[in-house]
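Q: I have a structure here, written as structure tokens, and I will follow up with some questions on it.
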Amino acid sequence: MAEEIAKTASSASAVLRSLSNESRVTALQRVHDSLKQGKEEILAANKLDLEEAEKTNLPGPIIKRLDLGKGDKFDTMLQGILDVAALPDPIGRITFANKLDDNLELYRITCPIGVILAIFESRPEVIANIASLAIKSANAVILKGGKESLHTFSIISKLVRQALAESEIPSGAVQLVESRSDVADLLSQDKYIDLVIPRGSNALVRSIQSNTKIPVLGHADGLCSVYINDDADIEMASRIVIDSKTNYVAACNAMEALLVQRSALTTVFPPVATALLNAGVTLKVPPEVAVILKSANVTETETAKIVPSSVIDYETEFLSMICVVVPVDDVDAAIKHINTHSSKHTDSIVTSSEAIAQKFLRGVDSSGVFWNCSTRFADGFRYGFGTEVGISTSKIHARGPVGLEGLTCYQYQLRGTGQVASDYVGAGGSKEFKHEKIAF
């Protein structure tokens, strides 16, 4: 079964890569319209998933991710499809051109990766996100959602299939699987599947990485930090920290650690700590910080406490209204701490000094490094990618929010008029290569 799914996707990929951008955009418009018209049906299914999640006592962060009707999440999902459709065609772009000799020209051209296996938990909108990016980038995709979003997943997948059936996209270009056993078998299909993208818990990502030969693109944790330098503006620091922590606590780009320069502990930090506590965030602090907060009359609230921290907290993804406070001597110490304990996702500095900011931006080894802004901006939609298939903390191929560009690779095309290598130096001949750049 799994081999047949993978073979079908591979065959569809060969057809999809030859379709025009116009054909792919038309298909995306149909997907958008189908999901928009089916909103009531989708949200009704989503309500069933939420009710079952509550009954089975799933963790709060998972339930928040599962809720497709919260705020503007559904509309954002739809807009993401249109945004992706409107982006320039990522396929067929020339990224390098070199004249080897007269009438012998080398071009590096962007092309699809091929077949992508996307496995995700909780977030039902990921179906639309990944399917739209895959179609636009001419990749075939196999999607597997989590059991907690089964009702929503089933309705969205039905509507997506119906929409694509009315387009030029081959039927096997977007396939959806529900069985866990199918996933285990698909992970062995390295002959047909080119890339695996997991979106979900640390356990899910690590399990996939350990059980496949197929390259895996993703991240296991979202250990994001904000560092406050002693010259930071108090109001700015408070706004950035509050947004980074509380805007969406279940997100992988939410702040989990607040680093504070020791010289700022008695000046900038107390008002920031008060703002966090008033927002309902419990602070895990070492003894020296607890003493300072007490002397500054910073007090707990009914819902937010000041509790002792431990070293374990440095590498804990709380995904809730909790953050650890870490005092550091200076920006160098902050960089060292982040590079030691973070997951290389996203980290931000709040400072009025460009020199200190530049040191932080260059020194922190994360996929996103920010200056005077919230970590919550680490997102494909906010970056202008339309949407994303996920965040990559890898250093190979794609890093950070992965949009269209991250779903392409390249091939070399050499265009000649009958030349053979044996005429040239290095292969037995005497002709020299010209190796002249070609403008493109």
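Ligands are numbered from 1 in the order shown, residues from 1 within each chain, and chains are lettered A, B, ... in the order they appear in the structure tokens.
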Give me, as a ChimeraX atom specification, all polymer residues having an atom no more than 7 Å from segment 52-59 of chain A, counting only C-alpha atoms and skipping those fewer than 4 positions away in the same chain.
A: /A:48,63,148
Q: Could you name the residues that touch Arg399 of chain A at 10 Å or less, counting only C-alpha atoms, but leaving out those on the same chain fewer than 2 positions away, as a ChimeraX atom specification?
A: /A:217-219,345,366-368,390-397,401-403,406
Q: Give the answer as one residue: which of A:Asp423, A:Glu405, A:Glu432, A:Asp49 has the shortest atom-to-atom distance to Pro90 of chain A, using only C-alpha atoms?
A: A:Glu405
Q: I need the residues in segment 370-409 of chain A that are strand (DSSP E or B) according to DSSP; give them as a list in words.
A: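 Written out, the strand (DSSP E or B) residues of segment 370-409 of chain A are Phe370, Trp371, Ile391, Ser392, Gly400, Pro401, Thr408 and Cys409 of chain A.
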Q: May I have the residues from that selection written out with C-alpha atoms, as a short mmCIF file (atom, residue, chain, number, x, y, z; two decimals), in the first residue's frame?
A:
data_model
loop_
_atom_site.label_atom_id
_atom_site.label_comp_id
_atom_site.auth_asym_id
_atom_site.auth_seq_id
_atom_site.Cartn_x
_atom_site.Cartn_y
_atom_site.Cartn_z
CA PHE A 370 16.13 39.57 15.61
CA TRP A 371 16.85 43.07 16.90
CA ILE A 391 10.47 25.92 10.45
CA SER A 392 13.85 24.38 9.73
CA GLY A 400 14.03 29.21 9.16
CA PRO A 401 10.44 29.40 7.87
CA THR A 408 12.97 23.73 -4.72
CA CYS A 409 16.45 22.56 -5.61
#
Q: Out of A:Glu388, A:Glu317, A:Asp221, A:Asp190, which residue has the shortest atom-to-atom distance to Gly114 of chain A when counting only C-alpha atoms?
A: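 Result for the nearest residue to Gly114 of chain A: A:Asp190.
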Q: So, with only C-alpha atoms as the atoms that count, which of A:Leu404, A:Leu43, A:Val364, A:Ile197 lies closest to Pro215 of chain A?
A: A:Ile197
Q: Env of Ser320 of chain A: 8 Å cut, atoms = only C-alpha atoms, seq-sep filter 6 positions within chain, self excluded. Answer as a PyMOL selection string.
A: chain A and resi 61+249-250
Q: Please list as a VMD selection string every residue within 9 Å of Ala128 of chain A, counting only C-alpha atoms and excluding residues in the same chain fewer than 5 positions away.
A: chain A and resid 31 to 32 35 77 to 78 80 to 81 133 156 to 157 160
Q: Any idea what's packed within 8 Å of segment 234-244 of chain A, counting only C-alpha atoms, ignoring anything in its chain fewer than 6 positions away? Could you give it as a PyMOL selection string?
A: chain A and resi 226+228+253-255+258+268-269+271-272+275-276+279+350+372-376
Q: So how many Å separate atom CA of Ile142 of chain A and atom CA of Ala27 of chain A, to one decimal?
A: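 Value for the atom CA of Ile142 of chain A-atom CA of Ala27 of chain A distance: 17.2 Å.
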Q: Could you pull the residues within 8 Å of Leu259 of chain A, counting only C-alpha atoms, minus those fewer than 6 positions along the same chain, as a list in words?
A: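 Final neighbour list, sorted by chain and number: Ser225, Val226, Tyr227, Ile228, Val325, Val326, Pro327, Val328 and Ala334 of chain A.
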Q: Excluding Lys191 of chain A and residues on its chain fewer than 2 positions from it, collect all residues at most 10 Å away from it, counting only C-alpha atoms, and give them as a list in words.
A: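 Near neighbours after the sequence-gap exclusion: Glu3, Ala6, Lys7, Ser10, Ser188, Gln189, Ile193, Asp194, Lys213 and Ile214 of chain A.
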